[in-house]
Amino acid sequence: MAHRAPGTANLDWANLGFEFRQTRSHIKFVWKNGEWSEGELVADPYVKVHIANTGLHYGQAIFEGLKAFAWQDGSIRIFRPQENAKRLRMSAERLLMTAFPEDKFVEAVRRVVADNADYVPPFGTGGSLYIRPLLFGSGARIGLNPSDEYTLLIMPIPVGDYYKGGLSPVSALVIDDYDRAAPRGVGHVKVAGNYAADLLPNLLGKKKGYPIGLYLDAKTNSFVEEFSTSNFVAIDSSGAFVTPRSPTVLPSITNKSLMDLARDEGLAVQERAIPITEVKTLREVAACGTAVVVTPVNRIVYRDEVIKIGGEDGGTGPVTAKLYSRVRAIQQGEAEDKFSWTVKV
Ligand code: PLP
Ligand code: COI
């Protein structure tokens, strides 16, 4: 697909941060009368919706997050879009929404990225094009029933770091008085309401100086679950790569990739329960996700206890640094894509 050269839009690429920016277009699909529309590229960032849409009233709203990168040769690659297609379908099924066909999803992402190729941050700046698909019930229903119409919008947004400073460690606060996900609820799917529920605990943590909140399991309050917008990964006292196995954690595509890379590095990889009491014995801890990539965590505050990870200095641990640089290198075309994770636009 021929496209405009990455980085030719008029933006300050070195200072992007993680915030909304207007691009040329988003792509819009509507499911009505039993079929999906062909999709259209739309410039207007405002969406006109029916007053009684089920997305706003009853929270029939799900989203995804993935990234595209400019490579040194001028091409653009999307990181593992098939995985987002699958997770979007799983989220849709849980909320009784019409899923978007997985093969068409990848094609739709390619179309909208191609149209906005000049908004992809240029190679070497560390930025990327964050792609945010949003699917919601757009039909009018006032009794509690699933919608008879759905809208999928896929918007591209050029971004830099989510937490300022890239690989600089952050402090996390264990959220001990709120739960993220009920045992048989919707924690494992990417529904908008999960994020609304996190806003208050998140703000309370930020006010105390902690940019990132860590949730425990809702049933026993004793096992690590995940951060507000990312998974919890760690290197345990035996040197194994560990991450919580829990039915209420969002299955992170970044985490899945890190597990493959950790195995490739010869590490033992364990998806298992991680008691909060074990945290003080962990050698390294990081938050991982599309937006945060791999963010090292060097302090975890649990009730009155400050748990220092990686000793007094609490720098970025060696395994975290290694896995971060390996995933970034594959994303940006600086290392062989041996797992076939990237899709060319
Ligand atoms: N956990 C939560 C709650 C998230 O919102 C995200 C972000 O999507 C993740 C984990 C990381 O998932 P992924 O690596 O697929 O972006
Ligand atoms: C992502 O990492 O893509 C997310 O969805 C996190 C978002 C809530 C900022």
# chains A, B, ... in the order shown; residues from 1 in each chain; ligands from 1

$ select_by_dssp --residues "stretch 99-342 of chain A" --states "alpha helix (DSSP H)" --output "ChimeraX atom specification"
/A:102-115,192-207,253-264,318-331

$ residues_near_ligand --ligand "ligand 2" --cutoff "9 Å" --atoms "only C-alpha atoms and all ligand atoms" --output "number ranges by chain"
A: 18, 63-67, 130-132, 162, 190, 192, 195, 228-230, 252, 254, 288-293

$ write_last_selection --atoms "C-alpha atoms" --output "PDB file, in the first residue's frame"
ATOM      1  CA  PHE A  18       0.099  10.262  25.679  1.00  0.00           C
ATOM      2  CA  PHE A  63     -12.203  -0.826  23.304  1.00  0.00           C
ATOM      3  CA  GLU A  64      -8.746  -1.944  22.255  1.00  0.00           C
ATOM      4  CA  GLY A  65      -5.277  -0.452  22.060  1.00  0.00           C
ATOM      5  CA  LEU A  66      -2.465  -1.337  19.674  1.00  0.00           C
ATOM      6  CA  LYS A  67       0.432   0.426  18.021  1.00  0.00           C
ATOM      7  CA  TYR A 130      -1.448   4.414  19.042  1.00  0.00           C
ATOM      8  CA  ILE A 131      -4.540   2.870  17.507  1.00  0.00           C
ATOM      9  CA  ARG A 132      -7.731   2.958  19.550  1.00  0.00           C
ATOM     10  CA  TYR A 162       2.690   7.075  28.847  1.00  0.00           C
ATOM     11  CA  LYS A 190     -11.712  -4.708  27.873  1.00  0.00           C
ATOM     12  CA  ALA A 192     -15.201   0.726  29.203  1.00  0.00           C
ATOM     13  CA  TYR A 195     -11.845   2.014  33.492  1.00  0.00           C
ATOM     14  CA  SER A 228      -5.023  -0.056  36.374  1.00  0.00           C
ATOM     15  CA  THR A 229      -3.959  -0.112  32.736  1.00  0.00           C
ATOM     16  CA  SER A 230      -1.318  -2.825  32.576  1.00  0.00           C
ATOM     17  CA  SER A 252      -2.245  -8.580  27.885  1.00  0.00           C
ATOM     18  CA  THR A 254       2.464  -7.266  25.622  1.00  0.00           C
ATOM     19  CA  CYS A 288       3.451  -4.048  30.865  1.00  0.00           C
ATOM     20  CA  GLY A 289       0.911  -3.018  28.266  1.00  0.00           C
ATOM     21  CA  THR A 290       0.557  -1.357  24.904  1.00  0.00           C
ATOM     22  CA  ALA A 291       0.448   2.168  26.301  1.00  0.00           C
ATOM     23  CA  VAL A 292       3.034   1.721  29.073  1.00  0.00           C
ATOM     24  CA  VAL A 293       5.224  -0.777  27.099  1.00  0.00           C
TER      25      VAL A 293
END

$ residues_around --residues "A:Phe339" --least-positions-apart "2" --cutoff "12 Å" --atoms "only C-alpha atoms" --output "PyMOL selection string"
chain A and resi 79-80+256-258+260-261+264+327+330-331+335-337+341-343

$ select_by_dssp --residues "stretch 76-168 of chain A" --states "strand (DSSP E or B)" --output "ChimeraX atom specification"
/A:76-79,128-137,140,150-159

$ write_last_selection --atoms "N, CA and C atoms" --output "CSV table (one decimal), in the first residue's frame"
chain,number,residue,atom,x,y,z
A,76,ILE,N,5.7,0.9,7.5
A,76,ILE,CA,5.0,1.0,8.7
A,76,ILE,C,4.5,-0.4,9.1
A,77,ARG,N,4.7,-0.7,10.4
A,77,ARG,CA,4.3,-2.1,10.8
A,77,ARG,C,3.4,-2.0,12.0
A,78,ILE,N,2.4,-2.8,12.1
A,78,ILE,CA,1.4,-2.8,13.2
A,78,ILE,C,1.8,-4.0,14.0
A,79,PHE,N,1.8,-3.9,15.4
A,79,PHE,CA,2.2,-4.9,16.3
A,79,PHE,C,1.0,-5.8,16.7
A,128,SER,N,5.2,6.3,18.6
A,128,SER,CA,4.4,5.4,17.8
A,128,SER,C,3.0,5.9,17.5
A,129,LEU,N,2.3,5.2,16.6
A,129,LEU,CA,1.0,5.6,16.3
A,129,LEU,C,0.1,4.7,17.2
A,130,TYR,N,-0.6,5.2,18.2
A,130,TYR,CA,-1.4,4.4,19.0
A,130,TYR,C,-2.8,4.3,18.3
A,131,ILE,N,-3.3,3.1,18.3
A,131,ILE,CA,-4.5,2.9,17.5
A,131,ILE,C,-5.6,2.5,18.5
A,132,ARG,N,-6.7,3.2,18.6
A,132,ARG,CA,-7.7,3.0,19.5
A,132,ARG,C,-9.0,2.6,18.9
A,133,PRO,N,-9.4,1.3,18.8
A,133,PRO,CA,-10.7,0.8,18.3
A,133,PRO,C,-11.7,1.0,19.4
A,134,LEU,N,-12.9,1.4,19.1
A,134,LEU,CA,-13.9,1.6,20.1
A,134,LEU,C,-15.2,1.0,19.5
A,135,LEU,N,-15.8,0.0,20.2
A,135,LEU,CA,-17.1,-0.6,19.6
A,135,LEU,C,-18.1,-0.3,20.7
A,136,PHE,N,-19.3,0.2,20.2
A,136,PHE,CA,-20.3,0.5,21.2
A,136,PHE,C,-21.7,0.3,20.6
A,137,GLY,N,-22.7,0.0,21.5
A,137,GLY,CA,-24.1,-0.1,21.0
A,137,GLY,C,-24.6,1.3,20.6
A,140,ALA,N,-31.0,2.5,19.5
A,140,ALA,CA,-31.8,3.1,20.6
A,140,ALA,C,-32.6,2.0,21.3
A,150,TYR,N,-24.6,-1.4,16.1
A,150,TYR,CA,-23.3,-1.2,16.7
A,150,TYR,C,-22.4,-0.4,15.8
A,151,THR,N,-21.6,0.4,16.4
A,151,THR,CA,-20.6,1.3,15.7
A,151,THR,C,-19.2,0.9,16.1
A,152,LEU,N,-18.3,0.7,15.2
A,152,LEU,CA,-16.9,0.5,15.4
A,152,LEU,C,-16.2,1.7,14.9
A,153,LEU,N,-15.4,2.4,15.7
A,153,LEU,CA,-14.6,3.5,15.3
A,153,LEU,C,-13.1,3.2,15.6
A,154,ILE,N,-12.3,3.4,14.7
A,154,ILE,CA,-10.8,3.1,14.9
A,154,ILE,C,-10.1,4.4,14.7
A,155,MET,N,-9.5,4.9,15.8
A,155,MET,CA,-8.8,6.2,15.7
A,155,MET,C,-7.3,6.1,15.9
A,156,PRO,N,-6.6,6.7,15.1
A,156,PRO,CA,-5.1,6.7,15.3
A,156,PRO,C,-4.6,8.0,16.0
A,157,ILE,N,-3.7,7.8,16.9
A,157,ILE,CA,-3.2,9.0,17.7
A,157,ILE,C,-1.7,8.8,17.9
A,158,PRO,N,-0.9,9.8,17.4
A,158,PRO,CA,0.5,9.7,17.6
A,158,PRO,C,0.9,10.0,19.0
A,159,VAL,N,1.7,9.1,19.6
A,159,VAL,CA,2.0,9.2,21.1
A,159,VAL,C,3.5,9.0,21.3

$ residues_around --residues "A:Tyr302" --least-positions-apart "2" --cutoff "10 Å" --atoms "only C-alpha atoms" --output "list in words"
Ala172, Leu173, Val174, Ile175, Asp176, Leu214, Ile276, Thr277, Val279, Arg299, Ile300, Asp304, Glu305, Val306 and Ile307 of chain A

$ atom_distance --atom1 "atom CA of A:Pro146" --atom2 "atom CA of A:Gly55"
9.6 Å

$ closest_residue --among "A:Glu149, A:Glu40, A:Glu83, A:Asp161" --to "ligand 1" --atoms "only C-alpha atoms and all ligand atoms"
A:Glu83

$ closest_residue --among "A:Lys86, A:Arg180, A:Lys32, A:His188" --to "A:Pro201" --atoms "only C-alpha atoms"
A:Arg180

$ residues_around --residues "A:Asn145" --least-positions-apart "2" --cutoff "12 Å" --atoms "only C-alpha atoms" --output "list of chain:residue names"
A:Ala52, A:Asn53, A:Thr54, A:Gly55, A:His57, A:Tyr58, A:Gly59, A:Gln60, A:Leu95, A:Leu96, A:Met97, A:Gly137, A:Gly139, A:Ala140, A:Arg141, A:Ile142, A:Gly143, A:Ser147, A:Asp148, A:Glu149

$ write_last_selection --atoms "C-alpha atoms" --output "short mmCIF file (atom, residue, chain, number, x, y, z; two decimals), in the first residue's frame"
data_model
loop_
_atom_site.label_atom_id
_atom_site.label_comp_id
_atom_site.auth_asym_id
_atom_site.auth_seq_id
_atom_site.Cartn_x
_atom_site.Cartn_y
_atom_site.Cartn_z
CA ALA A 52 -31.03 6.31 23.73
CA ASN A 53 -27.92 4.40 22.58
CA THR A 54 -27.04 1.40 24.75
CA GLY A 55 -23.35 2.33 24.83
CA HIS A 57 -26.90 4.14 28.94
CA TYR A 58 -25.93 0.58 29.77
CA GLY A 59 -22.22 0.53 29.10
CA GLN A 60 -22.27 -1.62 25.98
CA LEU A 95 -21.43 -7.88 26.61
CA LEU A 96 -23.71 -9.53 24.04
CA MET A 97 -22.56 -7.15 21.33
CA GLY A 137 -24.08 -0.10 21.02
CA GLY A 139 -29.00 1.61 18.55
CA ALA A 140 -31.84 3.09 20.57
CA ARG A 141 -33.11 0.83 23.39
CA ILE A 142 -34.48 1.93 26.69
CA GLY A 143 -35.50 -1.42 28.18
CA SER A 147 -28.57 -2.99 20.91
CA ASP A 148 -29.79 -3.65 17.38
CA GLU A 149 -27.04 -1.43 15.99
#

$ residues_around --residues "A:Ala70" --least-positions-apart "5" --cutoff "9 Å" --atoms "only C-alpha atoms" --output "ChimeraX atom specification"
/A:6-7,75-77,117,120-124,127-129,331-333

$ residues_around --residues "A:Gln82" --least-positions-apart "5" --cutoff "8 Å" --atoms "only C-alpha atoms" --output "short mmCIF file (atom, residue, chain, number, x, y, z; two decimals) with N, CA and C atoms, in the first residue's frame"
data_model
loop_
_atom_site.label_atom_id
_atom_site.label_comp_id
_atom_site.auth_asym_id
_atom_site.auth_seq_id
_atom_site.Cartn_x
_atom_site.Cartn_y
_atom_site.Cartn_z
N GLU A 102 -12.81 -10.84 12.62
CA GLU A 102 -11.39 -10.67 12.96
C GLU A 102 -10.52 -10.35 11.75
N ASP A 103 -10.80 -10.99 10.60
CA ASP A 103 -9.95 -10.72 9.41
C ASP A 103 -10.20 -9.30 8.91
N PHE A 105 -10.97 -6.82 10.75
CA PHE A 105 -10.39 -5.88 11.71
C PHE A 105 -8.97 -5.50 11.29
N VAL A 106 -8.17 -6.50 10.96
CA VAL A 106 -6.78 -6.21 10.59
C VAL A 106 -6.75 -5.33 9.35
#

$ closest_residue --among "A:Thr125, A:Asn202, A:Thr320, A:Gln270" --to "A:Tyr178" --atoms "only C-alpha atoms"
A:Asn202

$ atom_distance --atom1 "atom 13 (P, counted along the ligand's line) of ligand 1" --atom2 "atom CA of A:Asn255"
7.0 Å

$ closest_residue --among "A:Ile27, A:Ala287, A:Ile309, A:Leu144" --to "A:Asp115" --atoms "only C-alpha atoms"
A:Ile27
